[in-house]
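Novice: What follows is the file run.cif, containing mmCIF, C-alpha atoms and all ligand atoms:
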```cif
data_target
#
loop_
_atom_site.label_atom_id
_atom_site.label_comp_id
_atom_site.auth_asym_id
_atom_site.auth_seq_id
_atom_site.Cartn_x
_atom_site.Cartn_y
_atom_site.Cartn_z
CA MET N 17 24.31 209.35 165.90
CA ARG N 18 25.74 206.20 164.39
CA ASP N 19 29.34 207.40 164.71
CA CYS N 20 28.56 208.24 168.28
CA LEU N 21 27.40 204.69 168.97
CA TYR N 22 30.61 203.27 167.56
CA SER N 23 32.94 205.66 169.27
CA VAL N 24 31.29 205.13 172.66
CA ASP N 25 31.41 201.36 172.64
CA ILE N 26 33.20 200.08 169.66
CA MET N 27 33.49 196.49 170.86
CA ASN N 28 29.99 196.26 172.28
CA PRO N 29 27.87 197.04 169.28
CA ILE N 30 24.11 196.77 169.36
CA VAL N 31 22.03 194.26 167.42
CA SER N 32 18.30 193.76 167.02
CA PHE N 33 16.34 190.85 165.60
CA LYS N 34 13.01 190.43 163.92
CA THR N 35 11.77 186.91 163.26
CA ILE N 36 8.91 186.22 160.90
CA GLY N 37 7.41 182.82 160.27
CA CYS N 38 7.55 179.40 161.78
CA ARG N 39 8.94 177.98 164.99
CA LEU N 40 11.92 176.72 163.10
CA ASN N 41 12.85 180.33 162.35
CA GLN N 42 12.36 181.20 166.03
CA ALA N 43 14.65 178.36 167.09
CA GLU N 44 17.26 179.50 164.61
CA THR N 45 17.02 183.13 165.74
CA ALA N 46 17.81 181.96 169.29
CA THR N 47 20.98 180.33 167.93
CA ILE N 48 21.92 183.39 165.85
CA THR N 49 21.31 185.62 168.89
CA ALA N 50 23.62 183.45 170.98
CA HIS N 51 26.33 183.89 168.33
CA PHE N 52 26.00 187.68 168.56
CA THR N 53 25.88 187.85 172.35
CA GLY N 54 28.81 185.45 172.50
CA ALA N 55 30.77 187.95 170.41
CA GLY N 56 29.91 190.80 172.79
CA TYR N 57 26.89 192.41 171.10
CA ARG N 58 24.09 193.90 173.19
CA VAL N 59 20.57 192.94 172.05
CA VAL N 60 17.80 195.57 171.85
CA PRO N 61 14.20 195.11 170.73
CA HIS N 62 13.47 195.37 167.02
CA GLY N 63 12.61 198.93 166.06
CA GLU N 64 15.10 200.59 168.44
CA ALA N 65 18.31 202.35 167.42
CA THR N 66 20.90 199.73 166.61
CA ASP N 67 24.17 199.12 164.78
CA VAL N 68 23.06 195.86 163.17
CA ALA N 69 19.52 194.68 162.47
CA VAL N 70 18.84 191.08 161.50
CA ILE N 71 15.56 190.40 159.73
CA HIS N 72 15.07 186.66 159.82
CA GLY N 73 12.28 186.44 157.32
CA CYS N 74 9.85 183.95 155.89
CA ALA N 75 8.72 183.41 152.30
CA ILE N 76 6.18 180.64 152.70
CA THR N 77 3.34 183.00 151.71
CA GLY N 78 3.23 186.32 149.91
CA LYS N 79 2.11 187.93 153.18
CA ALA N 80 5.08 186.54 155.12
CA ASP N 81 7.39 187.82 152.40
CA ARG N 82 5.78 191.27 152.54
CA ASP N 83 5.97 191.27 156.36
CA SER N 84 9.70 190.58 156.11
CA LEU N 85 10.19 193.57 153.83
CA ARG N 86 7.96 195.74 156.02
CA ALA N 87 10.13 194.88 159.04
CA LEU N 88 13.14 195.85 157.00
CA ARG N 89 11.70 199.27 156.17
CA GLN N 90 10.63 199.75 159.80
CA VAL N 91 14.16 199.25 161.05
CA ARG N 92 15.57 201.48 158.31
CA ARG N 93 13.37 204.30 159.65
CA ALA N 94 14.31 203.64 163.29
CA ALA N 95 18.02 203.17 162.64
CA PRO N 96 18.86 204.81 159.30
CA ASP N 97 22.56 204.01 159.53
CA ALA N 98 22.30 200.45 160.80
CA ILE N 99 23.63 197.57 158.76
CA ILE N 100 20.47 195.68 157.88
CA ILE N 101 20.78 191.98 157.15
CA LEU N 102 17.99 190.07 155.45
CA THR N 103 18.30 186.34 155.99
CA GLY N 104 16.18 183.18 155.96
CA CYS N 105 13.94 182.00 153.12
CA PRO N 106 13.30 185.46 151.54
CA ALA N 107 17.05 185.96 151.30
CA GLU N 108 17.52 182.51 149.81
CA THR N 109 14.83 183.02 147.16
CA ARG N 110 16.23 186.43 146.25
CA LEU N 111 19.71 184.99 145.87
CA LYS N 112 18.43 182.05 143.78
CA LEU N 113 16.19 184.19 141.59
CA GLN N 114 18.80 186.97 141.45
CA THR N 115 16.14 189.53 142.27
CA GLU N 116 16.44 192.79 144.15
CA LYS N 117 12.70 193.60 144.40
CA GLY N 118 13.42 197.04 145.87
CA ASP N 119 14.78 195.55 149.09
CA ASP N 120 16.47 197.92 151.42
CA ALA N 121 18.89 195.41 152.94
CA ASP N 122 22.62 196.04 153.13
CA LEU N 123 23.37 192.32 153.18
CA VAL N 124 21.27 189.46 151.85
CA ILE N 125 22.52 186.26 153.47
CA GLY N 126 21.15 182.81 152.58
CA GLN N 127 20.44 179.91 154.93
CA ALA N 128 24.01 178.63 155.00
CA GLY N 129 25.55 181.95 155.99
CA LYS N 130 23.17 183.02 158.73
CA PHE N 131 24.99 181.16 161.50
CA ALA N 132 28.22 183.04 160.87
CA LEU N 133 27.00 186.64 160.83
CA PRO N 134 29.33 188.08 163.53
CA ALA N 135 32.30 186.61 161.68
CA LEU N 136 31.10 188.12 158.41
CA LEU N 137 30.55 191.56 159.96
CA HIS N 138 34.01 191.45 161.52
CA ARG N 139 35.53 190.50 158.18
CA LEU N 140 33.74 193.38 156.42
CA HIS N 141 34.32 196.02 159.13
CA PRO N 142 37.12 194.86 161.46
CA SER N 143 37.34 198.20 163.20
CA ARG N 144 33.63 198.38 163.91
CA PHE N 145 32.63 194.85 164.85
CA PRO N 146 34.31 192.39 167.22
CA PRO N 147 35.48 188.96 166.11
CA PRO N 148 33.23 186.04 166.99
CA LEU N 149 34.14 184.36 170.25
CA GLN N 150 33.37 180.96 168.85
CA ILE N 151 31.41 179.89 165.85
CA THR N 152 30.21 176.37 166.42
CA GLU N 153 27.18 174.36 165.57
CA ASN N 154 26.41 174.30 169.27
CA PRO N 155 26.62 177.89 170.49
CA PRO N 156 26.32 179.14 174.06
CA VAL N 157 22.68 179.22 175.07
CA LEU N 158 21.37 182.36 176.69
CA PRO N 159 17.83 182.98 177.90
CA VAL N 160 17.22 185.85 175.53
CA PHE N 161 13.44 185.63 175.26
CA GLU N 162 10.88 186.57 177.87
CA THR N 163 9.25 183.19 177.77
CA LEU N 164 9.63 179.80 179.37
CA ARG N 165 9.37 178.08 176.00
CA ALA N 166 12.50 177.38 173.97
CA PHE N 167 12.44 176.27 170.35
CA VAL N 168 15.09 173.74 169.46
CA LYS N 169 15.85 172.92 165.85
CA VAL N 170 16.38 169.19 165.53
CA GLN N 171 16.01 168.79 161.78
CA ASP N 172 16.15 170.95 158.67
CA GLY N 173 15.22 170.57 155.03
CA CYS N 174 12.50 168.73 153.16
CA ASP N 175 12.28 166.84 149.88
CA PHE N 176 8.50 166.36 149.71
CA ARG N 177 8.20 169.09 147.07
CA CYS N 178 4.61 170.17 147.58
CA ALA N 179 3.56 172.23 144.56
CA TYR N 180 3.19 175.52 146.45
CA CYS N 181 6.19 175.36 148.75
CA VAL N 182 9.59 177.06 148.56
CA VAL N 183 11.10 175.13 151.49
CA PRO N 184 12.82 172.38 149.42
CA GLU N 185 14.46 175.17 147.41
CA THR N 186 15.37 177.39 150.35
CA ARG N 187 16.34 174.79 152.95
CA GLY N 188 17.53 171.84 150.85
CA SER N 189 17.36 168.12 151.64
CA PRO N 190 16.49 166.74 155.09
CA VAL N 191 19.28 166.70 157.66
CA SER N 192 18.91 165.75 161.34
CA ARG N 193 21.07 166.68 164.30
CA PRO N 194 22.47 163.84 166.44
CA ILE N 195 20.53 163.04 169.61
CA PRO N 196 23.47 163.64 172.02
CA GLU N 197 24.02 167.14 170.59
CA ILE N 198 20.33 168.02 170.99
CA VAL N 199 20.22 166.58 174.52
CA GLU N 200 23.21 168.72 175.47
CA GLU N 201 21.55 171.87 174.09
CA VAL N 202 18.27 171.10 175.84
CA ARG N 203 20.07 170.42 179.11
CA ARG N 204 21.67 173.87 178.96
CA LEU N 205 18.35 175.51 178.04
CA ALA N 206 16.61 173.78 180.95
CA ASP N 207 19.42 174.78 183.32
CA SER N 208 18.97 178.38 182.09
CA GLY N 209 15.35 178.33 183.21
CA PHE N 210 13.39 177.21 180.16
CA LYS N 211 10.62 174.82 181.19
CA GLU N 212 9.07 173.86 177.88
CA ILE N 213 11.07 172.60 174.92
CA VAL N 214 9.51 172.74 171.46
CA LEU N 215 11.17 170.37 169.01
CA THR N 216 11.08 171.93 165.56
CA GLY N 217 12.13 171.07 162.04
CA ALA N 218 11.22 171.90 158.45
CA ASN N 219 9.80 168.37 158.24
CA LEU N 220 9.99 167.20 161.84
CA GLY N 221 8.57 163.70 161.31
CA CYS N 222 11.51 162.90 159.01
CA TYR N 223 13.86 163.14 161.99
CA GLU N 224 16.40 160.32 161.94
CA ASP N 225 19.71 159.86 163.70
CA ASN N 226 21.32 156.57 162.65
CA GLY N 227 18.03 154.70 162.66
CA ARG N 228 16.74 156.46 165.77
CA ARG N 229 13.48 158.24 165.13
CA LEU N 230 11.58 161.15 166.64
CA VAL N 231 10.15 159.04 169.45
CA ASP N 232 13.69 158.08 170.51
CA LEU N 233 14.68 161.74 170.56
CA VAL N 234 11.61 162.59 172.66
CA ARG N 235 12.49 159.85 175.15
CA ALA N 236 16.06 161.15 175.41
CA VAL N 237 14.88 164.73 176.04
CA GLU N 238 12.27 163.57 178.57
CA ALA N 239 15.01 161.95 180.62
CA ILE N 240 16.44 165.40 181.46
CA PRO N 241 14.96 166.08 184.92
CA ALA N 242 14.77 169.90 184.52
CA VAL N 243 12.60 169.64 181.39
CA ALA N 244 8.99 170.02 182.47
CA ARG N 245 7.33 169.77 179.10
CA ILE N 246 8.08 168.85 175.51
CA ARG N 247 6.01 169.95 172.57
CA LEU N 248 6.19 168.90 168.94
CA SER N 249 5.93 171.63 166.34
CA SER N 250 4.16 171.04 163.04
CA ILE N 251 4.39 167.47 161.78
CA GLU N 252 3.22 165.91 158.51
CA ILE N 253 0.48 163.29 158.78
CA THR N 254 2.42 160.80 156.66
CA THR N 255 5.35 160.99 159.07
CA THR N 256 3.34 160.88 162.31
CA GLU N 257 4.09 157.34 163.40
CA ASN N 258 1.71 155.47 165.69
CA LEU N 259 4.70 155.03 168.00
CA ILE N 260 4.83 158.74 168.75
CA ILE N 261 1.06 158.87 169.36
CA ASP N 262 1.26 155.86 171.67
CA HIS N 263 4.09 157.51 173.54
CA MET N 264 2.23 160.83 173.80
CA ALA N 265 -0.73 159.00 175.35
CA THR N 266 1.35 157.77 178.28
CA SER N 267 4.16 160.31 178.63
CA GLY N 268 4.03 162.71 181.54
CA LYS N 269 6.01 165.35 179.63
CA LEU N 270 5.04 165.23 175.95
CA CYS N 271 2.16 167.70 175.50
CA HIS N 272 -1.17 166.43 174.23
CA PHE N 273 -1.03 168.60 171.14
CA LEU N 274 -0.44 167.88 167.47
CA HIS N 275 -0.22 170.43 164.68
CA ILE N 276 -0.79 168.48 161.48
CA PRO N 277 -1.12 170.50 158.25
CA LEU N 278 -4.22 169.46 156.29
CA GLN N 279 -4.04 172.16 153.58
CA SER N 280 -7.23 170.99 151.84
CA GLY N 281 -10.12 168.63 152.49
CA ASP N 282 -10.56 167.84 148.80
CA ASP N 283 -8.79 164.85 147.24
CA GLY N 284 -8.40 166.54 143.85
CA ILE N 285 -6.75 169.62 145.35
CA LEU N 286 -4.53 167.50 147.61
CA LYS N 287 -3.34 165.65 144.52
CA THR N 288 -2.59 168.85 142.61
CA MET N 289 -0.80 170.19 145.66
CA GLY N 290 1.40 167.09 145.59
CA ARG N 291 0.46 166.16 149.15
CA ARG N 292 1.13 162.54 150.02
CA TYR N 293 -2.25 161.62 151.53
CA ASP N 294 -5.93 161.74 150.74
CA VAL N 295 -8.83 162.73 152.98
CA ALA N 296 -9.54 159.13 154.08
CA THR N 297 -5.92 158.61 155.18
CA PHE N 298 -5.94 161.90 157.06
CA ARG N 299 -9.18 161.03 158.88
CA GLN N 300 -7.91 157.56 159.75
CA ALA N 301 -4.70 158.90 161.30
CA ILE N 302 -6.55 161.57 163.30
CA ASP N 303 -9.07 158.98 164.51
CA TYR N 304 -6.19 156.82 165.75
CA ALA N 305 -4.71 159.77 167.66
CA LEU N 306 -8.06 160.80 169.17
CA ASN N 307 -8.81 157.25 170.29
CA LYS N 308 -5.48 157.10 172.08
CA ILE N 309 -5.56 160.70 173.42
CA PRO N 310 -9.16 161.89 173.87
CA ASP N 311 -8.13 165.35 175.20
CA LEU N 312 -5.76 165.96 172.27
CA GLY N 313 -5.42 169.56 171.08
CA LEU N 314 -5.36 169.53 167.31
CA GLY N 315 -3.95 172.28 165.15
CA THR N 316 -3.75 172.51 161.40
CA ASP N 317 -2.89 174.74 158.44
CA ILE N 318 -5.23 175.21 155.52
CA ILE N 319 -4.55 176.94 152.23
CA VAL N 320 -7.67 178.27 150.55
CA GLY N 321 -7.94 179.35 146.96
CA PHE N 322 -5.29 176.99 145.62
CA PRO N 323 -5.45 176.99 141.79
CA GLY N 324 -8.46 174.98 140.65
CA GLU N 325 -10.24 175.09 144.03
CA SER N 326 -13.88 175.12 142.95
CA GLN N 327 -16.76 175.92 145.30
CA PRO N 328 -17.53 172.18 145.82
CA ALA N 329 -13.85 171.53 146.53
CA PHE N 330 -13.83 174.32 149.13
CA GLU N 331 -17.02 172.91 150.66
CA ASN N 332 -15.27 169.54 151.04
CA THR N 333 -12.66 171.33 153.15
CA VAL N 334 -15.32 173.04 155.25
CA ARG N 335 -17.04 169.70 155.81
CA LEU N 336 -13.85 167.97 156.91
CA VAL N 337 -12.93 170.83 159.25
CA ARG N 338 -16.40 170.60 160.82
CA ASP N 339 -16.03 166.85 161.27
CA LEU N 340 -12.67 166.95 163.02
CA PRO N 341 -12.19 168.65 166.41
CA PHE N 342 -9.54 171.19 165.37
CA SER N 343 -8.72 173.61 168.18
CA ASN N 344 -6.12 175.74 166.34
CA LEU N 345 -6.94 176.52 162.74
CA HIS N 346 -4.44 178.52 160.71
CA VAL N 347 -6.02 179.57 157.44
CA PHE N 348 -4.01 181.23 154.67
CA PRO N 349 -5.05 182.42 151.23
CA TYR N 350 -2.93 180.76 148.55
CA SER N 351 -0.27 183.12 147.26
CA ARG N 352 1.84 182.51 144.20
CA ARG N 353 5.51 181.87 144.92
CA ALA N 354 7.94 182.27 142.05
CA GLY N 355 9.84 179.09 141.31
CA THR N 356 7.14 176.71 142.58
CA ARG N 357 5.10 174.31 140.40
CA ALA N 358 1.83 175.87 141.52
CA ASP N 359 2.88 179.26 140.20
CA GLY N 360 2.50 177.95 136.66
CA LEU N 361 -0.95 176.40 137.20
CA ALA N 362 -3.93 177.79 135.33
CA ASP N 363 -7.25 178.43 137.04
CA GLN N 364 -6.01 180.81 139.74
CA VAL N 365 -8.79 181.74 142.19
CA PRO N 366 -9.80 185.44 142.30
CA ALA N 367 -8.60 187.36 145.38
CA ALA N 368 -12.14 188.25 146.52
CA VAL N 369 -13.16 184.57 146.51
CA LYS N 370 -10.07 183.64 148.51
CA LYS N 371 -10.79 186.38 151.02
CA GLU N 372 -14.34 185.14 151.58
CA ARG N 373 -13.18 181.53 151.97
CA VAL N 374 -10.56 182.60 154.52
CA ARG N 375 -13.28 184.43 156.46
CA ILE N 376 -15.60 181.41 156.48
CA LEU N 377 -12.92 179.03 157.70
CA ARG N 378 -11.46 181.40 160.30
CA GLU N 379 -14.90 181.92 161.82
CA LEU N 380 -15.42 178.17 161.90
CA GLY N 381 -12.01 177.78 163.54
CA THR N 382 -12.89 180.28 166.28
CA ARG N 383 -16.14 178.43 167.02
CA GLN N 384 -14.40 175.06 167.11
CA ARG N 385 -11.75 176.37 169.50
CA ALA N 386 -14.49 177.60 171.85
CA VAL N 387 -16.25 174.22 171.70
CA PHE N 388 -12.99 172.38 172.38
CA ALA N 389 -12.22 174.63 175.36
CA ALA N 390 -15.75 174.25 176.77
CA GLY N 391 -15.22 170.49 176.79
CA PHE N 392 -12.80 171.02 179.70
CA ILE N 393 -15.34 172.64 182.02
CA GLY N 394 -15.44 170.62 185.25
CA LYS N 395 -12.17 168.85 184.41
CA THR N 396 -8.74 169.34 185.98
CA VAL N 397 -5.93 170.37 183.65
CA GLU N 398 -2.42 171.64 184.19
CA ALA N 399 -1.10 175.03 183.08
CA LEU N 400 2.49 176.18 182.92
CA ILE N 401 2.41 179.70 184.33
CA GLU N 402 4.12 182.29 182.11
CA HIS N 403 3.25 185.49 183.97
CA VAL N 404 1.15 186.97 186.78
CA ASP N 405 -0.77 190.15 185.96
CA LYS N 406 -1.21 193.22 188.17
CA ALA N 407 -4.52 191.89 189.51
CA GLY N 408 -2.76 188.72 190.65
CA ALA N 409 -4.22 186.40 187.99
CA ALA N 410 -1.77 183.80 186.71
CA HIS N 411 -1.64 183.28 182.93
CA GLY N 412 -0.28 180.20 181.27
CA TRP N 413 -0.84 177.50 178.70
CA THR N 414 -2.10 173.97 179.01
CA GLY N 415 -0.49 171.07 177.19
CA GLN N 416 -3.36 171.23 174.67
CA TYR N 417 -2.34 174.80 173.77
CA LEU N 418 -5.24 176.48 175.50
CA GLU N 419 -4.65 179.69 177.39
CA ALA N 420 -5.39 179.46 181.12
CA VAL N 421 -6.23 182.31 183.52
CA ILE N 422 -6.09 181.27 187.18
CA SER N 423 -7.27 183.73 189.84
CA GLY N 424 -7.21 183.70 193.62
CA THR N 425 -3.94 181.82 194.02
CA SER N 426 -0.34 182.70 194.77
CA LEU N 427 1.10 181.02 191.69
CA ARG N 428 4.38 182.22 190.25
CA ARG N 429 5.99 182.21 186.84
CA GLY N 430 7.30 178.76 186.03
CA ASP N 431 4.83 176.90 188.28
CA ARG N 432 3.03 173.88 186.90
CA ALA N 433 -0.49 174.48 188.14
CA PRO N 434 -3.27 171.91 188.08
CA PHE N 435 -6.68 173.61 188.25
CA THR N 436 -10.31 172.81 187.63
CA VAL N 437 -11.90 174.65 184.74
CA ALA N 438 -15.03 176.52 185.82
CA HIS N 439 -15.64 178.71 182.83
CA THR N 440 -14.34 179.55 179.35
CA VAL N 441 -14.10 182.86 177.50
CA GLU N 442 -13.33 182.71 173.78
CA GLY N 443 -11.28 179.58 174.13
CA GLN N 444 -9.55 180.68 177.37
CA LEU N 445 -9.87 178.45 180.44
CA HIS N 446 -10.73 180.12 183.77
CA ASN N 447 -10.89 178.65 187.27
CA PHE N 448 -13.64 181.08 188.32
CA LYS N 449 -16.99 181.81 186.82
CA PRO N 450 -17.79 185.52 187.17
CA PHE N 451 -20.86 186.34 189.27
CA PRO N 452 -23.79 187.41 187.14
CA ALA N 453 -24.16 191.23 187.08
CA ARG N 454 -26.91 192.59 189.38
CA MET N 455 -29.92 194.04 187.60
S1 LIG N 501 6.13 168.89 153.44
FE1 LIG N 501 5.54 170.13 151.68
S2 LIG N 501 4.79 172.04 152.62
FE2 LIG N 501 6.01 170.98 154.19
S3 LIG N 501 8.09 171.81 153.99
FE3 LIG N 501 8.01 169.95 152.74
S4 LIG N 501 7.48 170.69 150.68
FE4 LIG N 501 6.98 172.35 152.11
#
```
Take the structure in this file and express it as structure tokens.
Ligand code: SF4

Specialist:
Amino acid sequence: MRDCLYSVDIMNPIVSFKTIGCRLNQAETATITAHFTGAGYRVVPHGEATDVAVIHGCAITGKADRDSLRALRQVRRAAPDAIIILTGCPAETRLKLQTEKGDDADLVIGQAGKFALPALLHRLHPSRFPPPLQITENPPVLPVFETLRAFVKVQDGCDFRCAYCVVPETRGSPVSRPIPEIVEEVRRLADSGFKEIVLTGANLGCYEDNGRRLVDLVRAVEAIPAVARIRLSSIEITTTENLIIDHMATSGKLCHFLHIPLQSGDDGILKTMGRRYDVATFRQAIDYALNKIPDLGLGTDIIVGFPGESQPAFENTVRLVRDLPFSNLHVFPYSRRAGTRADGLADQVPAAVKKERVRILRELGTRQRAVFAAGFIGKTVEALIEHVDKAGAAHGWTGQYLEAVISGTSLRRGDRAPFTVAHTVEGQLHNFKPFPARM
């Protein structure tokens, strides 16, 4: 079958991608995809027969690492003869730790090499794979995803060295892209039909281009007329400057949404984690943002079961989560990562305790999302319509990252639709309240 694929279309090989992990990975996959399509590859969905499969994995948690390897095995079953490339953080950690761990990848390519994969494949198999058309830092942008949201990497690397995190090892020191280069990329994305631009980075708040900060970048991107919305991906509380909050409060394009990792609501655990804030500082910064932007959507990440997390320490986290109006709670059980400081800590929390703590916090998160959504009943919000279903209902997202379902209109994909919220269902906003069922 594989020989057949090559002989039929030797210079138009097939490639598939699987991305696991953060928005930064998604932004980078878009760039890697553009490199492949620029070289003449045809893209098929992950899991279909292919000549090359790229698994762009994540190693931030044990689960993400396992998911990356599961994706690898999946594609091996679907395309037994494909060249499978593992890249991203799991590849980087494997290269650094010189471990094989039973991986089934043909090539393990670290962070530096992942933007030159077509060139590498051509070098290894010149008769099978075409040369790259151009390998630049600023590749051709193609609308490869069925979404109106494009992720743009503006910064990479982090030197905060939190005790549990592999990112400083896998992505190195902070580096930012120049504003003009980002503006050019965003302009092309917007011209290709993307309406919402998500600015991403390993440590986004550290963005700096010759003294110009994140707020300056946001202003420059906002000035592009075809950009309807800008969203910030995850940002550290200690790097969230008041300037960016003040700007968000008045901007017509920067979404009212912040994803600020909390990780723990206990000062002792925050200190052991090596986080650069305590609970009081976190509260103060969130209070500032909420005072400026009362309808702010607030997301966060929490790690439960970090070594030494006692029951009272966990309860401190629960209390803080209850006190703050989080609308998107991402809760992860702590998982040991080889090569991190936390891996060597005593007092690891048993798996069953972690599981129960995850359950408690996830349930709390679901309730808080519903409460946040219900606060919009009777108010007018704007949704960016992503698709219209068979029944004619338009589905989209508000700036606060709430899903909207708008019925009885003739909205189309890409419309910015103001509507009045009549009803909510599990955190979804609806413009109609269903009639009560007849008895
Ligand atoms: S801030 Fe901490 S958790 Fe975030 S990328 Fe840097 S080291 Fe990792």

Novice: Could the centre and edge lengths of an axis-aligned box, enclosing all atoms of ligand LIG 501 (chain N) in the file with 8 Å extra on each side, be given in Å to one decimal as JSON?

Specialist:
```
{"center_x": 6.4, "center_y": 170.6, "center_z": 152.4, "size_x": 19.3, "size_y": 19.5, "size_z": 19.5}
```

Novice: Write out as a PDB file with C-alpha atoms, in the frame of the given file each polymer residue whose atoms come within 12 Å of N:Asp262, counting only C-alpha atoms; drop sequence neighbours fewer than 2 positions from it.

Specialist:
```pdb
ATOM      1  CA  VAL N 231      10.150 159.040 169.450  1.00  0.00           C
ATOM      2  CA  THR N 256       3.340 160.880 162.310  1.00  0.00           C
ATOM      3  CA  GLU N 257       4.090 157.340 163.400  1.00  0.00           C
ATOM      4  CA  ASN N 258       1.710 155.470 165.690  1.00  0.00           C
ATOM      5  CA  LEU N 259       4.700 155.030 168.000  1.00  0.00           C
ATOM      6  CA  ILE N 260       4.830 158.740 168.750  1.00  0.00           C
ATOM      7  CA  MET N 264       2.230 160.830 173.800  1.00  0.00           C
ATOM      8  CA  ALA N 265      -0.730 159.000 175.350  1.00  0.00           C
ATOM      9  CA  THR N 266       1.350 157.770 178.280  1.00  0.00           C
ATOM     10  CA  SER N 267       4.160 160.310 178.630  1.00  0.00           C
ATOM     11  CA  LEU N 270       5.040 165.230 175.950  1.00  0.00           C
ATOM     12  CA  HIS N 272      -1.170 166.430 174.230  1.00  0.00           C
ATOM     13  CA  TYR N 304      -6.190 156.820 165.750  1.00  0.00           C
ATOM     14  CA  ALA N 305      -4.710 159.770 167.660  1.00  0.00           C
ATOM     15  CA  LEU N 306      -8.060 160.800 169.170  1.00  0.00           C
ATOM     16  CA  ASN N 307      -8.810 157.250 170.290  1.00  0.00           C
ATOM     17  CA  LYS N 308      -5.480 157.100 172.080  1.00  0.00           C
ATOM     18  CA  ILE N 309      -5.560 160.700 173.420  1.00  0.00           C
TER      19      ILE N 309
END
```

Novice: Might you pull out every residue within 9 Å of N:Asp294, with only C-alpha atoms counted and same-chain residues fewer than 2 positions away left off, and present them as a ChimeraX atom specification?

Specialist: /N:281-284,286-287,291-292,296-299

Novice: For ligand LIG 501 (chain N), list the contacting residues at 12 Å or closer, counting only C-alpha atoms and all ligand atoms, as a PyMOL selection string.

Specialist: chain N and resi 38+40+75-77+105+171-190+216-222+250-255+276-279+286+289-293+317-319+356-358

Novice: Now that the selection is made, can you save its residues with C-alpha atoms as a tab-separated table (two decimals), in the coordinates of the input?

Specialist:
```
chain	number	residue	atom	x	y	z
N	38	CYS	CA	7.55	179.40	161.78
N	40	LEU	CA	11.92	176.72	163.10
N	75	ALA	CA	8.72	183.41	152.30
N	76	ILE	CA	6.18	180.64	152.70
N	77	THR	CA	3.34	183.00	151.71
N	105	CYS	CA	13.94	182.00	153.12
N	171	GLN	CA	16.01	168.79	161.78
N	172	ASP	CA	16.15	170.95	158.67
N	173	GLY	CA	15.22	170.57	155.03
N	174	CYS	CA	12.50	168.73	153.16
N	175	ASP	CA	12.28	166.84	149.88
N	176	PHE	CA	8.50	166.36	149.71
N	177	ARG	CA	8.20	169.09	147.07
N	178	CYS	CA	4.61	170.17	147.58
N	179	ALA	CA	3.56	172.23	144.56
N	180	TYR	CA	3.19	175.52	146.45
N	181	CYS	CA	6.19	175.36	148.75
N	182	VAL	CA	9.59	177.06	148.56
N	183	VAL	CA	11.10	175.13	151.49
N	184	PRO	CA	12.82	172.38	149.42
N	185	GLU	CA	14.46	175.17	147.41
N	186	THR	CA	15.37	177.39	150.35
N	187	ARG	CA	16.34	174.79	152.95
N	188	GLY	CA	17.53	171.84	150.85
N	189	SER	CA	17.36	168.12	151.64
N	190	PRO	CA	16.49	166.74	155.09
N	216	THR	CA	11.08	171.93	165.56
N	217	GLY	CA	12.13	171.07	162.04
N	218	ALA	CA	11.22	171.90	158.45
N	219	ASN	CA	9.80	168.37	158.24
N	220	LEU	CA	9.99	167.20	161.84
N	221	GLY	CA	8.57	163.70	161.31
N	222	CYS	CA	11.51	162.90	159.01
N	250	SER	CA	4.16	171.04	163.04
N	251	ILE	CA	4.39	167.47	161.78
N	252	GLU	CA	3.22	165.91	158.51
N	253	ILE	CA	0.48	163.29	158.78
N	254	THR	CA	2.42	160.80	156.66
N	255	THR	CA	5.35	160.99	159.07
N	276	ILE	CA	-0.79	168.48	161.48
N	277	PRO	CA	-1.12	170.50	158.25
N	278	LEU	CA	-4.22	169.46	156.29
N	279	GLN	CA	-4.04	172.16	153.58
N	286	LEU	CA	-4.53	167.50	147.61
N	289	MET	CA	-0.80	170.19	145.66
N	290	GLY	CA	1.40	167.09	145.59
N	291	ARG	CA	0.46	166.16	149.15
N	292	ARG	CA	1.13	162.54	150.02
N	293	TYR	CA	-2.25	161.62	151.53
N	317	ASP	CA	-2.89	174.74	158.44
N	318	ILE	CA	-5.23	175.21	155.52
N	319	ILE	CA	-4.55	176.94	152.23
N	356	THR	CA	7.14	176.71	142.58
N	357	ARG	CA	5.10	174.31	140.40
N	358	ALA	CA	1.83	175.87	141.52
```

Novice: Suppose you want the space between atom CA of N:Val168 and atom CA of N:Val59; what is it in Å?

Specialist: 20.1 Å

Novice: Identify the residues around (-16.2, 175.9, 169.0) within a radius of 12 Å, measuring from only C-alpha atoms in the coordinates stated by the file, and give them as a short mmCIF file (atom, residue, chain, number, x, y, z; two decimals) with C-alpha atoms, in the frame of the given file.

Specialist:
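Written out: out.cif:
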```cif
data_model
loop_
_atom_site.label_atom_id
_atom_site.label_comp_id
_atom_site.auth_asym_id
_atom_site.auth_seq_id
_atom_site.Cartn_x
_atom_site.Cartn_y
_atom_site.Cartn_z
CA VAL N 337 -12.93 170.83 159.25
CA ARG N 338 -16.40 170.60 160.82
CA ASP N 339 -16.03 166.85 161.27
CA LEU N 340 -12.67 166.95 163.02
CA PRO N 341 -12.19 168.65 166.41
CA PHE N 342 -9.54 171.19 165.37
CA SER N 343 -8.72 173.61 168.18
CA ASN N 344 -6.12 175.74 166.34
CA LEU N 345 -6.94 176.52 162.74
CA ARG N 378 -11.46 181.40 160.30
CA GLU N 379 -14.90 181.92 161.82
CA LEU N 380 -15.42 178.17 161.90
CA GLY N 381 -12.01 177.78 163.54
CA THR N 382 -12.89 180.28 166.28
CA ARG N 383 -16.14 178.43 167.02
CA GLN N 384 -14.40 175.06 167.11
CA ARG N 385 -11.75 176.37 169.50
CA ALA N 386 -14.49 177.60 171.85
CA VAL N 387 -16.25 174.22 171.70
CA PHE N 388 -12.99 172.38 172.38
CA ALA N 389 -12.22 174.63 175.36
CA ALA N 390 -15.75 174.25 176.77
CA GLY N 391 -15.22 170.49 176.79
CA THR N 440 -14.34 179.55 179.35
CA VAL N 441 -14.10 182.86 177.50
CA GLU N 442 -13.33 182.71 173.78
CA GLY N 443 -11.28 179.58 174.13
CA GLN N 444 -9.55 180.68 177.37
#
```
